[in-house]
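Okay, entry00.pdb now, which holds PDB, C-alpha atoms:
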ATOM      1  CA  MET A 777     -32.902  23.268  17.423
ATOM      2  CA  ARG A 778     -33.627  21.312  14.271
ATOM      3  CA  TYR A 779     -30.721  23.020  12.432
ATOM      4  CA  VAL A 780     -28.313  22.204  15.265
ATOM      5  CA  ILE A 781     -29.227  18.528  15.128
ATOM      6  CA  LEU A 782     -28.955  18.402  11.318
ATOM      7  CA  ALA A 783     -25.621  20.245  11.363
ATOM      8  CA  SER A 784     -24.260  17.886  14.033
ATOM      9  CA  LEU A 785     -25.403  14.863  12.067
ATOM     10  CA  ALA A 786     -23.841  16.187   8.847
ATOM     11  CA  LEU A 787     -20.541  16.915  10.627
ATOM     12  CA  PHE A 788     -20.497  13.411  12.113
ATOM     13  CA  CYS A 789     -21.119  11.826   8.697
ATOM     14  CA  LEU A 790     -18.423  13.900   6.990
ATOM     15  CA  THR A 791     -15.907  13.110   9.738
ATOM     16  CA  PHE A 792     -16.602   9.389   9.395
ATOM     17  CA  ALA A 793     -16.404   9.464   5.590
ATOM     18  CA  ALA A 794     -13.126  11.396   5.519
ATOM     19  CA  GLN A 795     -11.391   9.111   7.992
ATOM     20  CA  ALA A 796      -8.460   7.275   6.434
ATOM     21  CA  ALA A 797      -7.907   3.552   6.836
ATOM     22  CA  ASP A 798      -5.469   2.637   9.622
ATOM     23  CA  VAL A 799      -2.609   0.763   7.951
ATOM     24  CA  THR A 800       0.073   1.552  10.541
ATOM     25  CA  GLY A 801       2.239  -1.485  11.306
ATOM     26  CA  LYS A 802       3.536  -4.561   9.504
ATOM     27  CA  TRP A 803       1.779  -6.341   6.651
ATOM     28  CA  THR A 804       2.972  -9.513   4.891
ATOM     29  CA  ALA A 805       2.281 -10.919   1.434
ATOM     30  CA  GLN A 806       3.429 -13.680  -0.888
ATOM     31  CA  LEU A 807       4.470 -12.067  -4.171
ATOM     32  CA  PRO A 808       5.213 -13.845  -7.435
ATOM     33  CA  GLY A 809       8.936 -14.075  -8.009
ATOM     34  CA  ARG A 810      11.177 -15.502 -10.693
ATOM     35  CA  GLU A 811       9.947 -18.634 -12.421
ATOM     36  CA  GLY A 812       6.792 -18.846 -10.302
ATOM     37  CA  ALA A 813       8.469 -18.924  -6.896
ATOM     38  CA  GLN A 814       6.726 -17.023  -4.106
ATOM     39  CA  THR A 815       8.639 -14.325  -2.225
ATOM     40  CA  THR A 816       7.589 -13.242   1.253
ATOM     41  CA  THR A 817       7.438  -9.456   1.369
ATOM     42  CA  THR A 818       6.914  -7.378   4.509
ATOM     43  CA  PHE A 819       5.493  -3.872   4.312
ATOM     44  CA  THR A 820       5.988  -1.585   7.317
ATOM     45  CA  PHE A 821       3.745   1.470   7.204
ATOM     46  CA  ASN A 822       3.647   4.683   9.236
ATOM     47  CA  VAL A 823       0.761   7.105   8.818
ATOM     48  CA  SER A 824       0.585  10.840   9.534
ATOM     49  CA  GLY A 825      -2.662  12.378   8.327
ATOM     50  CA  ASP A 826      -2.944  11.300   4.698
ATOM     51  CA  ALA A 827       0.824  10.780   4.297
ATOM     52  CA  LEU A 828       2.227   7.238   4.196
ATOM     53  CA  THR A 829       5.880   6.358   4.853
ATOM     54  CA  GLY A 830       7.648   3.089   5.542
ATOM     55  CA  THR A 831       9.599   0.253   3.956
ATOM     56  CA  VAL A 832       9.267  -2.786   1.702
ATOM     57  CA  GLU A 833      11.395  -5.765   2.792
ATOM     58  CA  ASN A 834      12.058  -9.005   0.916
ATOM     59  CA  PRO A 835      14.951 -11.482   0.706
ATOM     60  CA  ARG A 836      16.887  -9.058  -1.538
ATOM     61  CA  GLY A 837      16.813  -6.241   1.018
ATOM     62  CA  THR A 838      14.822  -3.346   2.421
ATOM     63  CA  ASN A 839      13.771  -0.266   0.446
ATOM     64  CA  PRO A 840      12.038   2.904   1.646
ATOM     65  CA  ILE A 841       8.754   3.915   0.100
ATOM     66  CA  SER A 842       8.098   7.367  -1.334
ATOM     67  CA  GLN A 843       5.103   9.362  -2.576
ATOM     68  CA  GLY A 844       2.917   7.475  -0.108
ATOM     69  CA  LYS A 845      -0.622   8.637   0.491
ATOM     70  CA  ILE A 846      -3.916   7.444   1.913
ATOM     71  CA  ASP A 847      -7.300   8.489   0.579
ATOM     72  CA  GLY A 848     -10.087   6.799   2.535
ATOM     73  CA  ASP A 849      -9.522   3.063   2.068
ATOM     74  CA  THR A 850      -7.091   3.476  -0.870
ATOM     75  CA  ILE A 851      -3.331   3.617  -0.358
ATOM     76  CA  SER A 852      -0.562   4.162  -2.874
ATOM     77  CA  PHE A 853       3.211   4.487  -2.825
ATOM     78  CA  VAL A 854       6.361   4.021  -4.907
ATOM     79  CA  GLU A 855       9.314   1.733  -4.205
ATOM     80  CA  THR A 856      12.555   2.623  -5.990
ATOM     81  CA  LEU A 857      14.828  -0.334  -6.733
ATOM     82  CA  SER A 858      18.385  -0.273  -7.983
ATOM     83  CA  PHE A 859      19.624  -2.856 -10.496
ATOM     84  CA  ASN A 860      23.164  -2.590 -11.857
ATOM     85  CA  GLY A 861      23.189   1.157 -11.297
ATOM     86  CA  ASN A 862      19.742   1.705 -12.821
ATOM     87  CA  GLU A 863      16.779   2.943 -10.817
ATOM     88  CA  VAL A 864      13.474   1.166 -11.322
ATOM     89  CA  LYS A 865      10.256   2.593  -9.889
ATOM     90  CA  VAL A 866       7.510   0.209  -8.809
ATOM     91  CA  THR A 867       4.085   1.661  -8.012
ATOM     92  CA  TYR A 868       1.739   0.007  -5.516
ATOM     93  CA  THR A 869      -1.970   0.805  -5.211
ATOM     94  CA  GLY A 870      -4.103  -0.947  -2.641
ATOM     95  CA  LYS A 871      -7.629  -1.125  -1.285
ATOM     96  CA  VAL A 872      -7.832  -1.677   2.492
ATOM     97  CA  SER A 873     -10.535  -3.952   3.876
ATOM     98  CA  GLY A 874     -10.158  -4.762   7.572
ATOM     99  CA  ASP A 875      -6.937  -6.735   8.066
ATOM    100  CA  THR A 876      -6.188  -7.155   4.347
ATOM    101  CA  ILE A 877      -5.007  -4.935   1.511
ATOM    102  CA  GLN A 878      -5.673  -5.966  -2.087
ATOM    103  CA  PHE A 879      -2.671  -4.564  -3.985
ATOM    104  CA  THR A 880      -1.772  -3.996  -7.606
ATOM    105  CA  ARG A 881       1.935  -3.572  -8.286
ATOM    106  CA  ALA A 882       3.007  -2.045 -11.610
ATOM    107  CA  GLY A 883       6.175  -0.741 -13.175
ATOM    108  CA  GLY A 884       9.628  -2.192 -13.104
ATOM    109  CA  GLY A 885       9.911  -3.983 -16.387
ATOM    110  CA  GLY A 886      11.460  -7.106 -17.728
ATOM    111  CA  ARG A 887       9.180  -9.932 -18.830
ATOM    112  CA  GLY A 888       6.763  -9.831 -15.929
ATOM    113  CA  ARG A 889       9.427  -9.580 -13.238
ATOM    114  CA  ARG A 890      10.209  -6.809 -10.811
ATOM    115  CA  GLY A 891       6.873  -5.114 -10.829
ATOM    116  CA  GLY A 892       5.004  -6.790 -13.607
ATOM    117  CA  GLY A 893       6.465  -5.221 -16.724
ATOM    118  CA  GLY A 894       3.809  -2.516 -16.704
ATOM    119  CA  ARG A 895       0.832  -4.908 -16.808
ATOM    120  CA  GLY A 896       0.411  -5.169 -13.051
ATOM    121  CA  VAL A 897       0.544  -7.976 -10.529
ATOM    122  CA  THR A 898      -2.184  -8.368  -7.931
ATOM    123  CA  PHE A 899      -1.724  -9.834  -4.472
ATOM    124  CA  THR A 900      -3.142  -9.604  -0.960
ATOM    125  CA  ALA A 901      -1.244  -8.390   2.105
ATOM    126  CA  THR A 902      -2.379  -9.364   5.603
ATOM    127  CA  LYS A 903      -1.892  -7.376   8.827
ATOM    128  CA  ALA A 904       0.928  -8.983  10.817
ATOM    129  CA  ASN A 905       0.548  -7.089  14.109
TER     130      ASN A 905
END
This structure in structure tokens:
Amino acid sequence: MRYVILASLALFCLTFAAQAADVTGKWTAQLPGREGAQTTTTFTFNVSGDALTGTVENPRGTNPISQGKIDGDTISFVETLSFNGNEVKVTYTGKVSGDTIQFTRAGGGGRGRRGGGGRGVTFTATKAN
């Protein structure tokens, strides 16, 4: 009987620990834009297991995300932008805590714009619905 109780307890703990954060829905954030202006960005996430899909929307348009994944309370994905026929990949990594996600956005290029020029930009997204 003791082994059954210990096994049940261990299974419960492992199930709880492996559970991914629920980020399904819309999230909004104010991101640094050109010359210090703030840009409202909306993230729409869909989750299936540990796979993350969705879109990133800002005043310049809507882009799908790719390579999205969830590992516990950490999420990551790539947004591919197109500028004058050139593709620019921006990588987002975030830590989920309740109704907020603390993100780091890296990639892009260009003097701190469009992704941070490789040095990373941090911001917080808040659950919208």
Would you mind reading off the distance between CA of Lys802 (chain A) and CA of Gly896 (chain A), one decimal, in Å?
22.8 Å
Grab the CA of Asp875 (chain A) to CA of Glu811 (chain A) distance for me, in Å with one decimal place.
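Distance between the two atoms: 29.1 Å.
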At most 12 Å from (1.4, 11.9, 4.5), file frame, all atoms listed in the file: which residues, as JSON, numbers by chain?
{"A": [796, 821, 822, 823, 824, 825, 826, 827, 828, 829, 830, 841, 842, 843, 844, 845, 846, 847, 851, 852, 853]}
Leaving out Leu857 (chain A) and any residue of its chain fewer than 2 positions from it, which residues lie within 9 Å of it when counting all atoms listed in the file, given as a compact mmCIF listing (two decimals) with C-alpha atoms, keeping the file's coordinate frame?
# COMPACT_ATOMS: atom_id res chain seq x y z
CA ASN A 839 13.77 -0.27 0.45
CA GLU A 855 9.31 1.73 -4.20
CA PHE A 859 19.62 -2.86 -10.50
CA ASN A 862 19.74 1.70 -12.82
CA GLU A 863 16.78 2.94 -10.82
CA VAL A 864 13.47 1.17 -11.32
CA LYS A 865 10.26 2.59 -9.89
CA VAL A 866 7.51 0.21 -8.81
CA GLY A 884 9.63 -2.19 -13.10
CA ARG A 890 10.21 -6.81 -10.81
Please, what distance in Å, to one decimal, runs between CA of Thr804 (chain A) and CA of Thr898 (chain A)?
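Going from CA of Thr804 (chain A) over to CA of Thr898 (chain A) covers 13.9 Å.
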For each of A:Val799, A:Ala805, A:Ala882, A:Ala904, take the minimum atom-to-atom distance to Val832 (chain A), counting all atoms listed in the file, then give the residue where this is smallest.
A:Ala805
What do you get, as a PyMOL selection string, if you spell out every residue that the PyMOL selection byres ((chain A and resi 878) around 8) selects here?
chain A and resi 870-873+876-877+879-880+898-901
Would you write out, as JSON, numbers by chain, every residue that the PyMOL selection byres ((chain A and resi 835) around 10) captures in this file?
{"A": [815, 816, 817, 818, 833, 834, 836, 837, 838]}
